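Asks: Below are the structure tokens for one structure; questions will follow.
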Amino acid sequence: MTTRPVRPIRGTAAAALATALALTAAACSNPGGSGSGGSAAGDGVVVGIAYEPDTLSPLLGYGKDGNSKVFDGLLAFDADMKLKPALAVALPEVSADGLTYTYRLRKGVKFSDGEPFTAEDVVFTYRTILDKRTNNPSKTELDALKDVKAVGDDTVVFTLKYPYAAFAQRTVLAIAPEHVAAKQDVNSGPFTTKPVGTGPYVLTDWSKGEKLTFKANPDYWGGAPEVKKFTMAIIKDDDVRATRLRSGDLDGAILPPNLAKGFKDDKAKKTYAATSYDYRLVTLPTHNEVTGDTAIRRALDVAVDRQAMVDKILEGAGKPAYGPVPTDSEWFTKGTERPHDLDRAKKILDDAGWKPGPDGIRVKDGVRAAFPLWYVSGDKLRQEHALAYASDAKKAGIDITTQAGTWEVIEPRMKHDAVLAGGGSPGDPDFDQYLLLNSSLGGDGFNNMAWYDNPAVDKALEEGRRTDDKAARKAAYDTVQRELVKNPGYTFLTHIDHLYVVDDDWDGLSTQVEPHDHGLAAGPWWNIENWAPKK
């Protein structure tokens with residue numbers, strides 16, 4: 001699971017004061033370096049995003065879900081999230097037993113340094129990710145892969161341990177150049193910040209905490225982009241991002257609903273709403289004596305008013321969440337919705353021995369039903385979700401103290417303290433649920449942040465990923481969702497639509513169904529290489 005956009009997320013190494021100073025400085029500077037938004041120059045675009053990645057190396061997780069701009073995968077997702085060829089010339093040939101995937105590669109493709117792309121680069125990428133010495137926190141996503149080998153320069157054959165229905169979707173993973181990355185430390189070498197890829201753009205500058213700047217790759221196999229310069233300004237504070245967009249310092253930005261609506265009458269700008277699998281949840285750590293109690297978890301699950309959050313916080317741009325799977329997905333298990341029911345929450349607590357104290361806060365065996373809830377500073381949506389959750393919990397007799405902090409402050413506390421976190425990945429149900437709920441990943445960075453441990457869920461997750469029979473898989477994920485009703489290790493709150501406001505100067509903009517990781521890989525600029533200036 002990810003809690004912030006772009007891969008399992010780590011914060012920058014700044015303290016709170018340094019972060020505040022950086023935001024102030026960023027608000028006064030132009031990320032494009034020209035004194036105005038990029039479109040004023042005619043061929044450049046500057047957009048504001050909330051977070052930056054730790055790394056730009058595919059070997060460490062960057063580009064695993066596609067749309068990396070610097071790299072390509074064997075396949076890619078189109079606007080409708082259907083697979084299409086990229087570095088491969090066609091979708092894979094799959095054996096009858098579902099254990100062999102053969103890809104024929106596009107000829108004549110070169111990396112941005114001029115070296116040819118070959119099948120050996122594909123083999124190197126996948127084998128390096130699976131190497132136990134590689135610090136890629138998402139390597140369990142390739143658990144099904146037994147071997148990968150090159151057949152000549154233009155064919156790659158993957159062999160699986162078991163039929164894995166989602167394997168083709170995994171091959172949108174960005175491909176790294178062996179001739180560069182193999183010559184350095186995979187975890188700390190210069191390739192992690194100075195990537196070389198086959199994609200439509202080339203990184204020209206990365207000022208940590210401020211901006212990433214790209215230039216069009218004139219030799220891109222898909223054709224040279226018309227947007228010649230593309231800058232992503234890292235602006236963590238929602239208000240600052242909106243202010244810079246209004247001032248003309250940015251050409252586009254992701255904004256929360258309450259700030260996006262301030263641009264609805266601006267004729268020069270257009271708002272794009274992208275549906276997403278992005279959810280907000282509260283982690284309920286098993287190592288906390290309050291949140292680890294199943295009765296507390298179940299009570300919170302029905303005490304929370306999800307629809308009110310959608311209506312008031314998201315202003316209708318989203319829907320209630322009862323688990324990682326959105327309610328309109330074919331994989332959602334009907335009947336697992338948990339309606340807001342404060343009386344039921346109180347009864348669950350009463351029956352479990354959590355009795356109201358003199359101040360109304362419940363107590364059991366001398367333990368007060370109280371715990372802290374952290375959220376990331378500057379993120380208004382998380383703050384508002386946290387405050388609403390704490391308010392609902394208080395009505396049931398549970399005292400939650402909300403606290404803001406950077407990830408440097410929050411991460412060491414995740415084992416015992418609750419966090420207002422985020423996650424979500426479109427496509428196959430295995431993609432998000434395994435990392436979020438598998439007990440073996442408890443404490444593994446931002447995977448299974450709550451240390452959730454449910455043997456029935458572990459068994460169902462394995463069954464769901466180890467077959468390509470859709471009925472069997474549906475039964476497995478139904479089991480997962482029903483178990484989350486019995487013992488919710490997280491309180492899922494909302495699924496959020498992403499809102500973007502962009503200058504109306506270009507044609508070709510659209511949105512995909514988006515993951516939690518919105519920023520470099522998502523937004524209306526997911527296909528910026530296909531934009532064209534308006535006539």
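Going by the structure tokens order, chains are called A, B, ..., each with residues numbered from 1, while ligands are numbered from 1 in the order shown.
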Would you please extract all helix (DSSP H, G or I) residues from stretch 232-403 of chain A, as assigned by DSSP on the backbone, and give them as an MDAnalysis selection string?

Replies: chainID A and resid 238:247 257:263 294:303 306:313 342:351 380:396

Asks: I want to know what sits within 12 Å of A:Leu387, based on only C-alpha atoms, with residues of the same chain fewer than 2 positions away left out; could you give that as an mmCIF file with C-alpha atoms, in the first residue's frame?

Replies:
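So the final result, stored in out_15.cif, reads:
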```cif
data_model
loop_
_atom_site.group_PDB
_atom_site.id
_atom_site.type_symbol
_atom_site.label_atom_id
_atom_site.label_comp_id
_atom_site.auth_asym_id
_atom_site.auth_seq_id
_atom_site.Cartn_x
_atom_site.Cartn_y
_atom_site.Cartn_z
ATOM 1 C CA VAL A 282 -7.299 5.186 9.147
ATOM 2 C CA VAL A 304 -18.006 6.876 11.038
ATOM 3 C CA MET A 309 -17.422 13.003 4.398
ATOM 4 C CA ILE A 313 -15.278 17.222 2.536
ATOM 5 C CA PRO A 372 -3.463 9.649 18.420
ATOM 6 C CA LEU A 373 -4.211 9.975 14.709
ATOM 7 C CA TRP A 374 -1.519 11.448 12.469
ATOM 8 C CA TYR A 375 -1.929 13.111 9.094
ATOM 9 C CA LYS A 380 -6.213 19.551 3.648
ATOM 10 C CA LEU A 381 -8.147 16.464 2.570
ATOM 11 C CA ARG A 382 -6.350 14.273 5.090
ATOM 12 C CA GLN A 383 -6.734 16.883 7.795
ATOM 13 C CA GLU A 384 -10.467 17.209 7.194
ATOM 14 C CA HIS A 385 -10.950 13.433 7.065
ATOM 15 C CA TYR A 389 -13.303 10.783 11.962
ATOM 16 C CA ALA A 390 -12.277 11.989 15.414
ATOM 17 C CA SER A 391 -15.589 13.827 15.794
ATOM 18 C CA ASP A 392 -17.594 10.714 14.889
ATOM 19 C CA ALA A 393 -15.505 8.548 17.226
ATOM 20 C CA LYS A 394 -16.027 10.962 20.131
ATOM 21 C CA ASP A 399 -11.105 9.936 22.168
ATOM 22 C CA ILE A 400 -8.873 10.525 19.132
ATOM 23 C CA THR A 401 -6.242 13.270 19.144
ATOM 24 C CA THR A 402 -5.378 14.463 15.635
ATOM 25 C CA GLN A 403 -1.799 15.513 14.986
ATOM 26 C CA ALA A 404 -0.030 16.842 11.882
ATOM 27 C CA LEU A 420 -4.753 8.953 8.053
#
```

Asks: Between A:Ile496, A:Met449, A:Val202, A:Leu509, single out the one closest to A:Asp311, counting only C-alpha atoms.

Replies: A:Ile496

Asks: Fewer than 5 positions away in the same chain doesn't count, so skip those; otherwise give me all residues within 7 Å of stretch 222-237 of chain A, counting only C-alpha atoms, as a compact mmCIF listing (two decimals) with C-alpha atoms, in the first residue's frame.

Replies:
```txt
# COMPACT_ATOMS: atom_id res chain seq x y z
CA LEU A 23 7.29 26.13 0.54
CA PRO A 31 9.67 26.33 -11.45
CA GLY A 32 9.91 26.74 -15.18
CA ASP A 43 6.04 24.92 -26.09
CA GLY A 44 6.37 24.30 -22.34
CA VAL A 45 4.06 23.28 -19.52
CA VAL A 46 4.50 23.72 -15.75
CA VAL A 47 2.21 21.77 -13.42
CA GLY A 48 1.94 21.63 -9.64
CA ILE A 49 1.89 18.29 -7.84
CA ALA A 50 1.90 17.47 -4.14
CA TYR A 51 4.71 14.95 -3.78
CA GLU A 52 7.88 13.78 -5.44
CA PRO A 200 9.03 10.51 -24.57
CA GLY A 209 11.74 19.45 -2.89
CA GLU A 210 11.20 22.01 -5.66
CA LYS A 211 10.84 20.68 -9.19
CA LEU A 212 11.55 18.06 -11.82
CA THR A 213 12.20 19.36 -15.33
CA PHE A 214 12.01 17.30 -18.51
CA LYS A 215 12.68 17.98 -22.17
CA ALA A 216 11.11 16.21 -25.10
CA ASN A 217 13.03 13.25 -26.48
CA GLY A 378 -0.38 20.68 4.42
CA ASP A 379 -2.78 18.03 3.09
CA GLU A 529 3.45 13.54 -25.23
CA ASN A 530 0.26 13.58 -27.33
CA TRP A 531 -0.82 17.15 -26.56
CA ALA A 532 -0.94 19.74 -29.33
```

Asks: Let me make sure I understand: among A:Thr198, A:Asn447, A:Asn67, A:Gln481, which one has the smallest atom-to-atom distance to A:Asp121 if we use only C-alpha atoms?

Replies: A:Thr198

Asks: What gap, in Å, lies between atom CA of A:Thr336 and atom CA of A:Gln307?

Replies: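 Interatomic distance here is 15.4 Å.
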
Asks: Mind giving me the straight-line distance from atom CA of A:Gly152 to atom CA of A:Arg133 in Å, one decimal?

Replies: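 These two atoms are separated by 27.7 Å.
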
Asks: Residues near A:Gly61, anyone? I mean within 8 Å using only C-alpha atoms, not counting same-chain ones fewer than 6 positions away, as a list in words.

Replies: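 The residues satisfying every condition are Arg7, Thr55, Asn136, Pro137 and Ser138 of chain A.
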
Asks: May I ask for the distance between atom CA of A:Asp417 and atom CA of A:Pro320, given in Å to one decimal place?

Replies: 23.8 Å

Asks: Neighbouring residues of A:Tyr62 were defined as those with any atom within 9 Å, considering only C-alpha atoms; residues of the same chain fewer than 4 positions away were excluded. Please report them as a ChimeraX atom specification.

Replies: /A:6-7,53-58,66,68,173-174

Asks: DSSP on the backbone, strand (DSSP E or B) only: what residues of stretch 339-534 of chain A does that give? Format it as a VMD selection string.

Replies: chain A and resid 355 to 356 362 to 364 367 to 368 370 to 376 399 to 405 418 to 423 490 to 496 498 to 503 506 to 507 514 532 to 533

Asks: Given the selection you just returned, output its residues as a file containing N, CA and C atoms, formatted as a short mmCIF file (atom, residue, chain, number, x, y, z; two decimals), in the first residue's frame.

Replies:
```
data_model
loop_
_atom_site.label_atom_id
_atom_site.label_comp_id
_atom_site.auth_asym_id
_atom_site.auth_seq_id
_atom_site.Cartn_x
_atom_site.Cartn_y
_atom_site.Cartn_z
N LYS A 355 -16.80 0.62 28.88
CA LYS A 355 -17.87 1.38 29.53
C LYS A 355 -17.50 2.86 29.61
N PRO A 356 -18.51 3.74 29.44
CA PRO A 356 -18.24 5.18 29.51
C PRO A 356 -17.71 5.59 30.88
N ARG A 362 -14.75 6.00 27.00
CA ARG A 362 -14.88 4.62 27.48
C ARG A 362 -13.57 4.08 28.06
N VAL A 363 -13.74 3.17 28.99
CA VAL A 363 -12.60 2.57 29.69
C VAL A 363 -12.85 1.07 29.82
N LYS A 364 -11.79 0.28 29.68
CA LYS A 364 -11.89 -1.17 29.89
C LYS A 364 -10.61 -1.64 30.58
N VAL A 367 -7.87 0.75 30.88
CA VAL A 367 -7.34 1.36 29.64
C VAL A 367 -8.39 2.31 29.07
N ARG A 368 -7.99 3.53 28.81
CA ARG A 368 -8.88 4.54 28.25
C ARG A 368 -8.93 4.40 26.73
N ALA A 370 -8.53 5.81 23.95
CA ALA A 370 -7.95 7.03 23.37
C ALA A 370 -6.68 6.67 22.61
N PHE A 371 -6.47 7.36 21.50
CA PHE A 371 -5.24 7.16 20.73
C PHE A 371 -5.01 8.35 19.79
N PRO A 372 -3.75 8.56 19.36
CA PRO A 372 -3.46 9.65 18.42
C PRO A 372 -3.71 9.23 16.98
N LEU A 373 -4.03 10.20 16.14
CA LEU A 373 -4.21 9.98 14.71
C LEU A 373 -3.40 11.02 13.95
N TRP A 374 -2.42 10.56 13.20
CA TRP A 374 -1.52 11.45 12.47
C TRP A 374 -1.99 11.65 11.04
N TYR A 375 -1.72 12.83 10.51
CA TYR A 375 -1.93 13.11 9.09
C TYR A 375 -0.79 14.01 8.60
N VAL A 376 -0.60 14.04 7.29
CA VAL A 376 0.52 14.78 6.72
C VAL A 376 0.23 16.28 6.70
N ASP A 399 -11.80 8.65 22.21
CA ASP A 399 -11.11 9.94 22.17
C ASP A 399 -9.89 9.85 21.24
N ILE A 400 -9.96 10.53 20.11
CA ILE A 400 -8.87 10.52 19.13
C ILE A 400 -8.27 11.92 19.07
N THR A 401 -6.96 12.00 19.23
CA THR A 401 -6.24 13.27 19.14
C THR A 401 -5.56 13.36 17.79
N THR A 402 -5.98 14.31 16.96
CA THR A 402 -5.38 14.46 15.64
C THR A 402 -4.10 15.28 15.72
N GLN A 403 -3.10 14.85 14.96
CA GLN A 403 -1.80 15.51 14.99
C GLN A 403 -1.22 15.55 13.57
N ALA A 404 -0.66 16.69 13.19
CA ALA A 404 -0.03 16.84 11.88
C ALA A 404 1.47 16.66 12.00
N GLY A 405 2.08 16.14 10.94
CA GLY A 405 3.53 15.98 10.93
C GLY A 405 4.04 15.59 9.56
N ALA A 418 -2.13 5.50 15.00
CA ALA A 418 -2.98 5.50 13.81
C ALA A 418 -2.54 6.60 12.85
N VAL A 419 -2.76 6.36 11.56
CA VAL A 419 -2.37 7.32 10.52
C VAL A 419 -3.52 7.47 9.54
N LEU A 420 -3.80 8.71 9.14
CA LEU A 420 -4.75 8.95 8.05
C LEU A 420 -3.96 8.76 6.77
N ALA A 421 -4.11 7.60 6.16
CA ALA A 421 -3.28 7.20 5.03
C ALA A 421 -4.10 7.09 3.75
N GLY A 422 -3.43 6.76 2.67
CA GLY A 422 -4.08 6.59 1.38
C GLY A 422 -3.49 5.44 0.61
N GLY A 423 -4.21 4.97 -0.37
CA GLY A 423 -3.72 3.90 -1.22
C GLY A 423 -4.72 3.67 -2.33
N TYR A 490 -8.39 -1.62 9.34
CA TYR A 490 -8.38 -0.23 8.90
C TYR A 490 -9.83 0.25 8.88
N THR A 491 -10.04 1.54 9.10
CA THR A 491 -11.35 2.12 8.83
C THR A 491 -11.26 2.82 7.49
N PHE A 492 -11.85 2.23 6.46
CA PHE A 492 -11.89 2.86 5.15
C PHE A 492 -12.93 3.97 5.18
N LEU A 493 -12.59 5.12 4.61
CA LEU A 493 -13.46 6.28 4.69
C LEU A 493 -14.09 6.64 3.35
N THR A 494 -13.28 7.03 2.39
CA THR A 494 -13.81 7.48 1.09
C THR A 494 -12.90 7.04 -0.05
N HIS A 495 -13.51 6.90 -1.22
CA HIS A 495 -12.78 6.84 -2.47
C HIS A 495 -12.90 8.22 -3.11
N ILE A 496 -11.78 8.76 -3.56
CA ILE A 496 -11.70 10.17 -3.94
C ILE A 496 -11.53 10.34 -5.44
N HIS A 498 -10.07 12.61 -8.32
CA HIS A 498 -9.00 13.60 -8.39
C HIS A 498 -9.42 14.77 -9.28
N LEU A 499 -9.19 15.97 -8.80
CA LEU A 499 -9.56 17.16 -9.56
C LEU A 499 -8.31 17.93 -9.97
N TYR A 500 -8.28 18.29 -11.24
CA TYR A 500 -7.16 19.03 -11.80
C TYR A 500 -7.69 20.28 -12.51
N VAL A 501 -7.02 21.39 -12.32
CA VAL A 501 -7.36 22.61 -13.03
C VAL A 501 -6.18 22.96 -13.94
N VAL A 502 -6.46 23.14 -15.25
CA VAL A 502 -5.39 23.31 -16.23
C VAL A 502 -5.75 24.44 -17.19
N ASP A 503 -4.75 25.24 -17.57
CA ASP A 503 -4.96 26.27 -18.60
C ASP A 503 -5.48 25.63 -19.87
N TRP A 506 -4.23 23.76 -24.68
CA TRP A 506 -3.77 22.59 -25.42
C TRP A 506 -4.93 21.66 -25.72
N ASP A 507 -4.81 20.94 -26.83
CA ASP A 507 -5.74 19.88 -27.18
C ASP A 507 -5.13 18.52 -26.81
N GLU A 514 -7.56 6.50 -12.10
CA GLU A 514 -6.25 6.74 -11.51
C GLU A 514 -6.02 5.95 -10.22
N ALA A 532 -1.26 18.83 -28.22
CA ALA A 532 -0.94 19.74 -29.33
C ALA A 532 -1.50 21.12 -28.99
N PRO A 533 -0.80 22.20 -29.37
CA PRO A 533 -1.31 23.55 -29.07
C PRO A 533 -2.65 23.79 -29.76
#
```
